[in-house]
Amino acid sequence: MKIAFELNGIKQEIDYLPDRRVVDLLREELGYTGTKEACGSGECGACTILVDGVSKLSCLMLAAQLQGRSITTIEGMSPGKKLHPIQQAFVDKGAVQCGFCSPGMLMATVDLLQRNPAPDRQQIRAALSGNLCRCTGYQKIIDAVESAAAEMRDKL
Amino acid sequence: MTTYASPIGSSLKRVDGPGKISGLEKYAADYYPDNFLWAGAKRSDHPHALIKEIDISPVRNLPGIFAVLTHEDIKGANRVGVPEMDQPVLADRKVRYKGDPVALVLAENKTVLQEAIDKIVIKYEPLPAVFDPEAALAENAPLLHENRNDKNLLLGGRVVRGNSIAAMSECDAVAEADFQLPWQEHAYLETEAGVARVDEEGILAIIASTQTPWRDRNELAYALGWPLDKIRVIAPYLGGGFGGKDGITVQGLLGLAALHSGGRPVKMWNSREESFLSSTKRHPGRVHYELGCKKDGTLYAMNCRIVLDTGAYASLGGPVLALAMEHAAGVYRIPHALIEGFSVYTNNPVGGAFRGFGAPQVLAGLEQMMDILADKIAWDPLAFRLKNAVMRGDETGAGVWMSNSTAIIPCLEKLQEHPLWTSRQAWVSQAPPFKLRGVGIAAGLQGTGYGPMVADIANAKIELLPDGRFRIYSGVADMGQGNNPTNVQIAAEVLGQTADCFELIQPDTLQTLPSGSSAASRTTYSYGNALKAAALQLKERILTRACNMGMGLYAEDFLLSSGRLNHLPSGREIPLGLVAASMRPEERVSIYSYTAPVNRYPDKINPDIRAAGFPHRVFAFACHLARVQIDELTGEVEISDYLAATDAGKVLNPQLYEQQVQGGAVQGMGYALWEDFKLDRGELMTRNLATYILPTSMDVPDILSIAVESVEESGPFGMKGIGEIVINLALPAIANGIARAVGQHIFKSPLTAEQLLLILEKRAAE
Amino acid sequence: MSQVFLPHTLEELWTIKQENPAALIMAGGTDLLVKIRDRKLPPAVILALENIAELRQIERQDGEICIGSMVTHQQLLDSPIIQTQLPVLHQAVAVLGSPPIRHMGTIGGNICTASPAGDTLPPLYVLNAGLELKNAATSRLLPIQDFIQGPGQTLLGSNEILYKIRISIPAPHSQGFYFKVGQRKALAIAICSMASLLQFAEDKRILEGRFAWGSTGPTVMRFPEVENTLIGEKLSPIILGRLGQSMAALVSPISDVRASAEYRRLLASKLPLKIWQSLI
């Protein structure tokens, strides 16, 4: 089945099995292994991507659903190697340990800051509640989001 | 010429951050080699059964199936396991737990792989199974490994100090309780994964999410019957380990698959459900404590009996027991003690290494006993701990000599002066309607390294590159704890360079040097010591060479800075590349082998326990405080505040130190409150992340961390390992807080809301 | 390999359905795709409704709120109409799943999955929601308590979709509450949940009290005879405690991997007191 969509700003037209999971399409067919899988059933958030700017779980999406959509993955956050301010905040605040949850956390954060540019810590915790982390205890991720939000507000 | 701030002691940003946060860093699960085959295992349906027949004929010729392998395809010994090699790569005669792999399928895609796995028919003759360690020790219990003299006892022994039976009767107060600890699932985000290929020269190369690349290589050579020098194992950054990847997980099956794939690469990546089914877990156990003291607050006698369920195979069930026994007296001087331990085979999932390694199970019991006993003599629980806590030079009640840095007392003092403790009565009294509040503490320790009988050796290699930058050949896998970034920090300190002057090669048995496992809180301590010395060697060589080149007269006149050598008397700057160019390649490489010191201890105890790792020498210490609030209507426990005071020696990187404290505490909170691993006669009831409950960001508070910096002379720049101490104390601190809120101690964990509400209801009715 | 259809209009939908009678309807996919992965459903042709715009509307007409079946939980959270007019539903979707699940999952999916733990269900029961079911030819209206027959069982015909949810706006001076107990604070299936809609007179006496219970029986449950005992009473811990005791005696929870029946029943007796806890 032919599927036409936009991935990280670049138009894609591929011939693909319609019921293949989006996480598999991204990782195996297109080589974008930044989006991870850690449960396959919507329980962990590691596979989070943006679909038309909204965070969704790519392990629970079928390739056919990509038609006409604009997808952003972690790789699309830093084109040309310069880290996005949110990514830089994650690095600066020590929010990355093993890093396997980090791409999903990042995409969830992008979604949050689009909806609420000035979240408090409790709101940040709620926004990230669909992303499990086993290494950090979440605290430095919250610190990073707080810091990124402040920086992005200052830049406006 | 510039000066720079010393990297050691600064929160230097982790060099692995940018790669990971941009999605470019590749984990073992991220490799999809050209033309690869998927490998997947058919696993046992029975907890204990003889294999009568394996019928692969229905699937061998299915379209998309490349091969189906059984134990008959294994040329080697078909046994893995350290120290006891009792686990087959593919089951041969019998299966011992539901999850034991019996056949291996190689397929073009995952759909046909699963189809084939479903269609393989295995005829079993079920055997009586045993799911309880006490039952497994009974006279006529079904035997898991029939040829063992000790039957279902993997390891047992006792530690005797004085005469605790007599001494108990001399105590003014005695408390006794039985504690039940559950399995804990590692639940790393990256499940077990890897790729493997045999190339034209017969080299079997495996990229795996593993904590033990060199040991894997040895095990694979033996198990698969492939020459050791033709096996290469590479360990990229792991997406979490915590002990669950300490040893063979998928590597045996991957290696076997690659040996039968006609040169095609093979990939194996466990689904979350398969990870639950097949991976090792924290040993569940029953710990019985009897603890007695004098009315002046001195601990006097302790009896402790530990029974651990090690499941179907040995894994590290011996060393975990030995460490549990070693930590059973915690941080206290107790003149009379009897510690008995048993690590027992059952047809349950395999118990193996998990952060804390036996310490969480015993400290869960001991630290609640301390509160119970303190209450009996009407002593403040923190003062009671201070009274009995060891100092350097003391022996613990387990007979372990605190020969190295020991700062548990300053940790306790930090808690004692902290407002979270001093204001506890006011805080408790301000509980809102329908809420109960309590404040609990716990103190403990964690031995680092492998103990007295297994050498803890790290071999560092660092190279001055022709362009004047440096390359560190990492020997120990980084599972997220940050030992790799810390290596950069250590080398930066010694060589006067900034972090961007370094390249890192991840552990690779072909390129880097054997340096032991990423485990036992030893990774920065051991490799860091080796690297520090290797870097110093290289530095001296560089400075001497500069003198050789006529750049100056004395080595001590030179100062290294990023990419340069500065000759202080003349002000001249020499690019490092120039010095490098004047060196032979072998001169630019510096190697140093470090062996960690061990506790030289007279053989007071069972030599098998000693061989399993008792005792250690360098210990980390900590005490934790939890303020808990219980909802009387639902039983839910909220951790309102949490404080950790940790002695892990000098802090090399405050941010990284906090990362460990915060992450370990939350993993400990999971063990305390939510992670209720359920089994029914060997069958997993909690088989995925929907039913095995990990804490989310909404369930846990911010954690306050206080670093109590002793100086550990044997550690690089005075540090000690912190990886495990951080998880050990959440359960007892929270349990003690709950007990004070509710009015009774709860001995079975996790302390779920269900358990709490039913207890509150029962108390209200009485 | 299975086909996946994403029609843009209802007309397209009916055509595809007719040609593929065994096709599985997919709303947000968060339940359906997990069931297929767990092999509780065989792989099949999938008919996804997400591109049909008329299923995504929230409208207020003549004292009634109409919610399209494909309205996502996030849309409900973001909707001022839902927040101000149906706060009991708003509170429930705030604690449903997690942010990405709320972006994908739909109210229609939650209803048709018909799990007794579905978070939107107790609120819809106390709101006396009506469900408009449609097929190619006609439509019909069913009260939600008739539509859901048991765990995972509804009266949805094989040629029908759930089209709209119709809810009469509650009387003024009504207060809605949703309390859920899960094993953790997010990504949690309800172990016991309670929705309540209370209508007060000027003197604060209860004119009407509705209570619906989740995860304590094969479907969401209401007990009108117990509800009636509240009429004329003022809210107090005693009244709420007594209510809890009565309702707890009537629910029929089961024990499963998440919780025991005993714990669920005990929670049922306590949850009404959460109303008091939230007001003081």
# chains A, B, ... in the order shown; residues from 1 in each chain; ligands from 1
call {"tool": "closest_atom_pairs", "arguments": {"of": "chain C", "to": "chain A", "cutoff": "12 Å", "atoms": "only C-alpha atoms", "output": "Markdown table"}}
result
| residue | atom | partner | partner_atom | distance |
| --- | --- | --- | --- | --- |
| C:Met1 | CA | A:Asp19 | CA | 6.5 |
| C:Ser2 | CA | A:Asp19 | CA | 5.8 |
| C:Gln3 | CA | A:Pro18 | CA | 6.2 |
| C:Val4 | CA | A:Pro18 | CA | 5.9 |
| C:Phe5 | CA | A:Ala64 | CA | 7.7 |
| C:Leu6 | CA | A:Gln65 | CA | 7.5 |
| C:Pro7 | CA | A:Gln65 | CA | 11.0 |
| C:Met26 | CA | A:Met61 | CA | 10.7 |
| C:Ala27 | CA | A:Met61 | CA | 11.2 |
| C:Gly28 | CA | A:Leu60 | CA | 8.8 |
| C:Gly29 | CA | A:Leu60 | CA | 6.4 |
| C:Thr30 | CA | A:Leu60 | CA | 6.3 |
| C:Asp31 | CA | A:Ser41 | CA | 9.0 |
| C:Leu32 | CA | A:Leu60 | CA | 9.0 |
| C:Leu33 | CA | A:Leu60 | CA | 6.1 |
| C:Val34 | CA | A:Ser41 | CA | 5.6 |
| C:Lys35 | CA | A:Ser41 | CA | 9.1 |
| C:Ile36 | CA | A:Ser41 | CA | 10.2 |
| C:Arg37 | CA | A:Ser41 | CA | 7.8 |
| C:Asp38 | CA | A:Ser41 | CA | 8.9 |
| C:Pro43 | CA | A:Asp19 | CA | 9.3 |
| C:Ala44 | CA | A:Asp19 | CA | 9.5 |
| C:Val45 | CA | A:Asp19 | CA | 8.9 |
| C:Ile46 | CA | A:Asp19 | CA | 8.3 |
| C:Leu47 | CA | A:Ala64 | CA | 10.7 |
| C:Ala48 | CA | A:Gln65 | CA | 8.4 |
| C:Leu49 | CA | A:Gln65 | CA | 10.4 |
| C:Glu50 | CA | A:Gln65 | CA | 8.7 |
| C:Asn51 | CA | A:Gln65 | CA | 9.3 |
| C:Gln74 | CA | A:Val54 | CA | 10.4 |
| C:Gln75 | CA | A:Val54 | CA | 11.8 |
| C:Asp78 | CA | A:Arg115 | CA | 10.2 |
| C:Ala94 | CA | A:Ala126 | CA | 9.8 |
| C:Val95 | CA | A:Ala126 | CA | 9.7 |
| C:Leu96 | CA | A:Gly130 | CA | 10.7 |
| C:Gly97 | CA | A:Gly130 | CA | 7.6 |
| C:Ser98 | CA | A:Gly130 | CA | 4.7 |
| C:Pro99 | CA | A:Gly130 | CA | 6.0 |
| C:Pro100 | CA | A:Lys56 | CA | 4.9 |
| C:Ile101 | CA | A:Lys56 | CA | 7.2 |
| C:Arg102 | CA | A:Lys56 | CA | 8.9 |
| C:His103 | CA | A:Lys56 | CA | 6.6 |
| C:Met104 | CA | A:Lys56 | CA | 6.6 |
| C:Gly105 | CA | A:Lys56 | CA | 10.0 |
| C:Arg184 | CA | A:Ser129 | CA | 10.5 |
| C:Lys185 | CA | A:Ser129 | CA | 8.4 |
| C:Ala186 | CA | A:Ser129 | CA | 6.0 |
| C:Leu187 | CA | A:Gly130 | CA | 6.5 |
| C:Ala188 | CA | A:Glu43 | CA | 9.5 |
| C:Ile189 | CA | A:Glu43 | CA | 11.2 |
call {"tool": "interface_residues", "arguments": {"of": "chain C", "to": "chain B", "cutoff": "12 Å", "atoms": "only C-alpha atoms", "output": "ChimeraX atom specification"}}
result
/C:1,34,37-39,43,95,97-98,179-189,191-193,237,241,244,255-280
call {"tool": "residues_around", "arguments": {"residues": "Gln57 (chain C)", "least_positions_apart": "5", "cutoff": "8 Å", "atoms": "only C-alpha atoms", "output": "list of chain:residue names"}}
result
C:Cys66, C:Ile67, C:Gly68, C:Val71
call {"tool": "closest_atom_pairs", "arguments": {"of": "chain A", "to": "chain B", "cutoff": "6 Å", "atoms": "only C-alpha atoms", "output": "CSV"}}
result
residue,atom,partner,partner_atom,distance
A:Thr33,CA,B:Asp30,CA,5.8
A:Gly34,CA,B:Gly23,CA,3.8
A:Ala38,CA,B:Leu189,CA,5.2
A:Cys39,CA,B:Arg272,CA,5.1
A:Ile74,CA,B:Gly23,CA,5.9
A:Glu75,CA,B:Gly23,CA,5.9
A:Val91,CA,B:Gly17,CA,5.2
A:Val96,CA,B:Gly17,CA,5.9
A:Gln97,CA,B:Gly480,CA,4.6
A:Cys98,CA,B:Gly480,CA,3.5
A:Gly99,CA,B:Lys20,CA,5.5
A:Phe100,CA,B:Gly239,CA,5.0
A:Ser102,CA,B:Ile21,CA,5.9
A:Arg125,CA,B:Ser697,CA,5.2
A:Ser129,CA,B:Ser697,CA,5.3
A:Leu132,CA,B:Thr696,CA,5.9
A:Cys135,CA,B:Gly663,CA,5.0
A:Thr136,CA,B:Gly663,CA,4.2
A:Gly137,CA,B:Gly663,CA,4.1
A:Tyr138,CA,B:Ser697,CA,5.9
A:Gln139,CA,B:Asp702,CA,5.9
call {"tool": "write_last_selection", "arguments": {"atoms": "N, CA and C atoms", "output": "PDB file, in the first residue's frame"}}
result
ATOM      1  N   THR A  33      16.040   4.856  14.455  1.00  0.00           N
ATOM      2  CA  THR A  33      15.952   4.048  15.676  1.00  0.00           C
ATOM      3  C   THR A  33      15.904   4.887  16.939  1.00  0.00           C
ATOM      4  N   GLY A  34      15.807   6.191  16.811  1.00  0.00           N
ATOM      5  CA  GLY A  34      15.668   7.049  17.992  1.00  0.00           C
ATOM      6  C   GLY A  34      14.388   6.775  18.750  1.00  0.00           C
ATOM      7  N   ALA A  38       9.523  -0.344  24.358  1.00  0.00           N
ATOM      8  CA  ALA A  38       9.864  -0.989  25.628  1.00  0.00           C
ATOM      9  C   ALA A  38       8.728  -1.822  26.192  1.00  0.00           C
ATOM     10  N   CYS A  39       7.550  -1.800  25.532  1.00  0.00           N
ATOM     11  CA  CYS A  39       6.471  -2.647  26.039  1.00  0.00           C
ATOM     12  C   CYS A  39       5.527  -3.101  24.936  1.00  0.00           C
ATOM     13  N   ILE A  74      12.236  11.984  17.371  1.00  0.00           N
ATOM     14  CA  ILE A  74      13.330  12.611  18.111  1.00  0.00           C
ATOM     15  C   ILE A  74      14.407  13.134  17.156  1.00  0.00           C
ATOM     16  N   GLU A  75      14.608  12.412  16.068  1.00  0.00           N
ATOM     17  CA  GLU A  75      15.636  12.842  15.109  1.00  0.00           C
ATOM     18  C   GLU A  75      15.296  14.185  14.473  1.00  0.00           C
ATOM     19  N   VAL A  91      20.278  17.541  28.712  1.00  0.00           N
ATOM     20  CA  VAL A  91      21.715  17.288  28.880  1.00  0.00           C
ATOM     21  C   VAL A  91      22.258  18.067  30.075  1.00  0.00           C
ATOM     22  N   VAL A  96      19.398  12.581  31.611  1.00  0.00           N
ATOM     23  CA  VAL A  96      19.633  11.398  30.777  1.00  0.00           C
ATOM     24  C   VAL A  96      20.599  10.467  31.479  1.00  0.00           C
ATOM     25  N   GLN A  97      20.133   9.256  31.804  1.00  0.00           N
ATOM     26  CA  GLN A  97      21.037   8.259  32.380  1.00  0.00           C
ATOM     27  C   GLN A  97      21.224   7.143  31.372  1.00  0.00           C
ATOM     28  N   CYS A  98      20.441   6.099  31.411  1.00  0.00           N
ATOM     29  CA  CYS A  98      20.637   5.086  30.373  1.00  0.00           C
ATOM     30  C   CYS A  98      20.149   5.625  29.039  1.00  0.00           C
ATOM     31  N   GLY A  99      19.181   6.540  29.084  1.00  0.00           N
ATOM     32  CA  GLY A  99      18.747   7.250  27.895  1.00  0.00           C
ATOM     33  C   GLY A  99      17.672   6.572  27.079  1.00  0.00           C
ATOM     34  N   PHE A 100      17.235   5.373  27.479  1.00  0.00           N
ATOM     35  CA  PHE A 100      16.291   4.656  26.614  1.00  0.00           C
ATOM     36  C   PHE A 100      14.911   5.290  26.655  1.00  0.00           C
ATOM     37  N   SER A 102      14.535   8.475  27.121  1.00  0.00           N
ATOM     38  CA  SER A 102      14.715   9.909  26.853  1.00  0.00           C
ATOM     39  C   SER A 102      14.010  10.419  25.598  1.00  0.00           C
ATOM     40  N   ARG A 125       4.905  16.680  36.074  1.00  0.00           N
ATOM     41  CA  ARG A 125       4.790  15.270  36.455  1.00  0.00           C
ATOM     42  C   ARG A 125       3.575  14.634  35.792  1.00  0.00           C
ATOM     43  N   SER A 129       3.406  11.538  32.864  1.00  0.00           N
ATOM     44  CA  SER A 129       2.954  10.346  33.585  1.00  0.00           C
ATOM     45  C   SER A 129       2.745   9.146  32.675  1.00  0.00           C
ATOM     46  N   LEU A 132       7.465   5.990  31.364  1.00  0.00           N
ATOM     47  CA  LEU A 132       8.154   5.347  32.479  1.00  0.00           C
ATOM     48  C   LEU A 132       9.654   5.542  32.362  1.00  0.00           C
ATOM     49  N   CYS A 135      15.569   4.637  35.587  1.00  0.00           N
ATOM     50  CA  CYS A 135      16.903   5.043  36.041  1.00  0.00           C
ATOM     51  C   CYS A 135      16.929   6.325  36.866  1.00  0.00           C
ATOM     52  N   THR A 136      16.155   7.325  36.463  1.00  0.00           N
ATOM     53  CA  THR A 136      16.367   8.664  37.019  1.00  0.00           C
ATOM     54  C   THR A 136      15.528   8.956  38.249  1.00  0.00           C
ATOM     55  N   GLY A 137      14.423   8.225  38.435  1.00  0.00           N
ATOM     56  CA  GLY A 137      13.493   8.651  39.486  1.00  0.00           C
ATOM     57  C   GLY A 137      12.727   9.897  39.092  1.00  0.00           C
ATOM     58  N   TYR A 138      12.844  10.307  37.846  1.00  0.00           N
ATOM     59  CA  TYR A 138      12.082  11.405  37.226  1.00  0.00           C
ATOM     60  C   TYR A 138      12.542  12.815  37.592  1.00  0.00           C
ATOM     61  N   GLN A 139      13.182  12.984  38.738  1.00  0.00           N
ATOM     62  CA  GLN A 139      13.383  14.324  39.267  1.00  0.00           C
ATOM     63  C   GLN A 139      14.150  15.249  38.324  1.00  0.00           C
TER      64      GLN A 139
END
call {"tool": "residues_around", "arguments": {"residues": "Ala92 (chain C)", "least_positions_apart": "4", "cutoff": "9 Å", "atoms": "only C-alpha atoms", "output": "list in words"}}
result
Pro87, Val88, Leu96, Asp119, Thr120, Leu121, Pro122, Pro123, Phe177, Tyr178, Phe179, Lys180 and Ala195 of chain C
call {"tool": "write_last_selection", "arguments": {"atoms": "N, CA, C and O atoms", "output": "PDB file, in the first residue's frame"}}
result
ATOM      1  N   PRO C  87     -18.878  18.373  34.547  1.00  0.00           N
ATOM      2  CA  PRO C  87     -17.611  18.210  35.287  1.00  0.00           C
ATOM      3  C   PRO C  87     -17.355  16.780  35.747  1.00  0.00           C
ATOM      4  O   PRO C  87     -16.199  16.381  35.862  1.00  0.00           O
ATOM      5  N   VAL C  88     -18.395  15.984  35.987  1.00  0.00           N
ATOM      6  CA  VAL C  88     -18.139  14.614  36.435  1.00  0.00           C
ATOM      7  C   VAL C  88     -17.418  13.827  35.341  1.00  0.00           C
ATOM      8  O   VAL C  88     -16.532  13.014  35.632  1.00  0.00           O
ATOM      9  N   LEU C  96      -7.790   9.316  33.340  1.00  0.00           N
ATOM     10  CA  LEU C  96      -7.830   8.149  32.473  1.00  0.00           C
ATOM     11  C   LEU C  96      -6.461   7.969  31.814  1.00  0.00           C
ATOM     12  O   LEU C  96      -5.938   8.893  31.200  1.00  0.00           O
ATOM     13  N   ASP C 119     -13.095   4.394  32.549  1.00  0.00           N
ATOM     14  CA  ASP C 119     -13.276   5.586  33.380  1.00  0.00           C
ATOM     15  C   ASP C 119     -14.423   6.478  32.940  1.00  0.00           C
ATOM     16  O   ASP C 119     -14.998   7.193  33.781  1.00  0.00           O
ATOM     17  N   THR C 120     -14.774   6.484  31.654  1.00  0.00           N
ATOM     18  CA  THR C 120     -15.876   7.367  31.259  1.00  0.00           C
ATOM     19  C   THR C 120     -17.226   6.778  31.654  1.00  0.00           C
ATOM     20  O   THR C 120     -18.232   7.493  31.682  1.00  0.00           O
ATOM     21  N   LEU C 121     -17.274   5.496  31.965  1.00  0.00           N
ATOM     22  CA  LEU C 121     -18.576   4.841  32.113  1.00  0.00           C
ATOM     23  C   LEU C 121     -19.359   5.251  33.353  1.00  0.00           C
ATOM     24  O   LEU C 121     -20.537   5.617  33.232  1.00  0.00           O
ATOM     25  N   PRO C 122     -18.769   5.216  34.552  1.00  0.00           N
ATOM     26  CA  PRO C 122     -19.589   5.651  35.694  1.00  0.00           C
ATOM     27  C   PRO C 122     -20.155   7.066  35.518  1.00  0.00           C
ATOM     28  O   PRO C 122     -21.338   7.283  35.804  1.00  0.00           O
ATOM     29  N   PRO C 123     -19.368   8.030  35.037  1.00  0.00           N
ATOM     30  CA  PRO C 123     -19.971   9.357  34.783  1.00  0.00           C
ATOM     31  C   PRO C 123     -21.120   9.290  33.783  1.00  0.00           C
ATOM     32  O   PRO C 123     -22.157   9.932  33.978  1.00  0.00           O
ATOM     33  N   PHE C 177     -18.841  14.323  40.998  1.00  0.00           N
ATOM     34  CA  PHE C 177     -17.580  13.826  41.569  1.00  0.00           C
ATOM     35  C   PHE C 177     -17.195  12.522  40.890  1.00  0.00           C
ATOM     36  O   PHE C 177     -18.048  11.685  40.608  1.00  0.00           O
ATOM     37  N   TYR C 178     -15.908  12.371  40.643  1.00  0.00           N
ATOM     38  CA  TYR C 178     -15.416  11.072  40.171  1.00  0.00           C
ATOM     39  C   TYR C 178     -14.200  10.709  40.998  1.00  0.00           C
ATOM     40  O   TYR C 178     -13.243  11.474  41.064  1.00  0.00           O
ATOM     41  N   PHE C 179     -14.246   9.565  41.640  1.00  0.00           N
ATOM     42  CA  PHE C 179     -13.096   9.090  42.396  1.00  0.00           C
ATOM     43  C   PHE C 179     -12.702   7.715  41.883  1.00  0.00           C
ATOM     44  O   PHE C 179     -13.543   6.861  41.661  1.00  0.00           O
ATOM     45  N   LYS C 180     -11.420   7.573  41.731  1.00  0.00           N
ATOM     46  CA  LYS C 180     -10.913   6.318  41.176  1.00  0.00           C
ATOM     47  C   LYS C 180      -9.770   5.849  42.050  1.00  0.00           C
ATOM     48  O   LYS C 180      -8.909   6.648  42.438  1.00  0.00           O
ATOM     49  N   ALA C 195     -18.684   7.405  40.412  1.00  0.00           N
ATOM     50  CA  ALA C 195     -19.123   8.709  39.912  1.00  0.00           C
ATOM     51  C   ALA C 195     -20.374   9.081  40.684  1.00  0.00           C
ATOM     52  O   ALA C 195     -21.198   8.227  41.014  1.00  0.00           O
TER      53      ALA C 195
END
call {"tool": "residues_around", "arguments": {"residues": "region 317-334 of chain B", "least_positions_apart": "3", "cutoff": "6 Å", "atoms": "only C-alpha atoms", "output": "count of residues only"}}
result
21
call {"tool": "select_by_dssp", "arguments": {"residues": "region 601-632 of chain B", "states": "alpha helix (DSSP H)", "output": "PDB file with all heavy atoms, in the first residue's frame"}}
result
ATOM      1  N   PRO B 607      33.653 -22.229  54.158  1.00  0.00           N
ATOM      2  CA  PRO B 607      34.420 -21.767  52.990  1.00  0.00           C
ATOM      3  C   PRO B 607      33.568 -21.526  51.743  1.00  0.00           C
ATOM      4  O   PRO B 607      33.941 -20.725  50.896  1.00  0.00           O
ATOM      5  CB  PRO B 607      35.435 -22.891  52.748  1.00  0.00           C
ATOM      6  CG  PRO B 607      35.062 -24.002  53.651  1.00  0.00           C
ATOM      7  CD  PRO B 607      34.140 -23.492  54.688  1.00  0.00           C
ATOM      8  N   ASP B 608      32.433 -22.230  51.618  1.00  0.00           N
ATOM      9  CA  ASP B 608      31.574 -21.994  50.450  1.00  0.00           C
ATOM     10  C   ASP B 608      30.968 -20.604  50.508  1.00  0.00           C
ATOM     11  O   ASP B 608      30.827 -19.936  49.490  1.00  0.00           O
ATOM     12  CB  ASP B 608      30.437 -23.031  50.407  1.00  0.00           C
ATOM     13  CG  ASP B 608      30.976 -24.417  50.113  1.00  0.00           C
ATOM     14  OD1 ASP B 608      32.038 -24.522  49.463  1.00  0.00           O
ATOM     15  OD2 ASP B 608      30.341 -25.395  50.532  1.00  0.00           O
ATOM     16  N   ILE B 609      30.609 -20.161  51.697  1.00  0.00           N
ATOM     17  CA  ILE B 609      30.070 -18.813  51.857  1.00  0.00           C
ATOM     18  C   ILE B 609      31.170 -17.806  51.544  1.00  0.00           C
ATOM     19  O   ILE B 609      30.949 -16.796  50.890  1.00  0.00           O
ATOM     20  CB  ILE B 609      29.526 -18.590  53.284  1.00  0.00           C
ATOM     21  CG1 ILE B 609      28.488 -19.641  53.647  1.00  0.00           C
ATOM     22  CG2 ILE B 609      28.980 -17.185  53.440  1.00  0.00           C
ATOM     23  CD1 ILE B 609      27.121 -19.417  53.065  1.00  0.00           C
ATOM     24  N   ARG B 610      32.364 -18.106  51.999  1.00  0.00           N
ATOM     25  CA  ARG B 610      33.493 -17.198  51.748  1.00  0.00           C
ATOM     26  C   ARG B 610      33.750 -17.082  50.251  1.00  0.00           C
ATOM     27  O   ARG B 610      33.963 -16.001  49.711  1.00  0.00           O
ATOM     28  CB  ARG B 610      34.728 -17.734  52.462  1.00  0.00           C
ATOM     29  CG  ARG B 610      35.914 -16.825  52.349  1.00  0.00           C
ATOM     30  CD  ARG B 610      36.818 -16.921  53.585  1.00  0.00           C
ATOM     31  NE  ARG B 610      37.724 -15.786  53.553  1.00  0.00           N
ATOM     32  CZ  ARG B 610      39.020 -15.867  53.248  1.00  0.00           C
ATOM     33  NH1 ARG B 610      39.557 -17.035  52.990  1.00  0.00           N
ATOM     34  NH2 ARG B 610      39.763 -14.784  53.220  1.00  0.00           N
ATOM     35  N   ALA B 611      33.717 -18.224  49.573  1.00  0.00           N
ATOM     36  CA  ALA B 611      33.942 -18.216  48.124  1.00  0.00           C
ATOM     37  C   ALA B 611      32.863 -17.434  47.408  1.00  0.00           C
ATOM     38  O   ALA B 611      33.100 -16.860  46.348  1.00  0.00           O
ATOM     39  CB  ALA B 611      33.966 -19.653  47.606  1.00  0.00           C
TER      40      ALA B 611
END
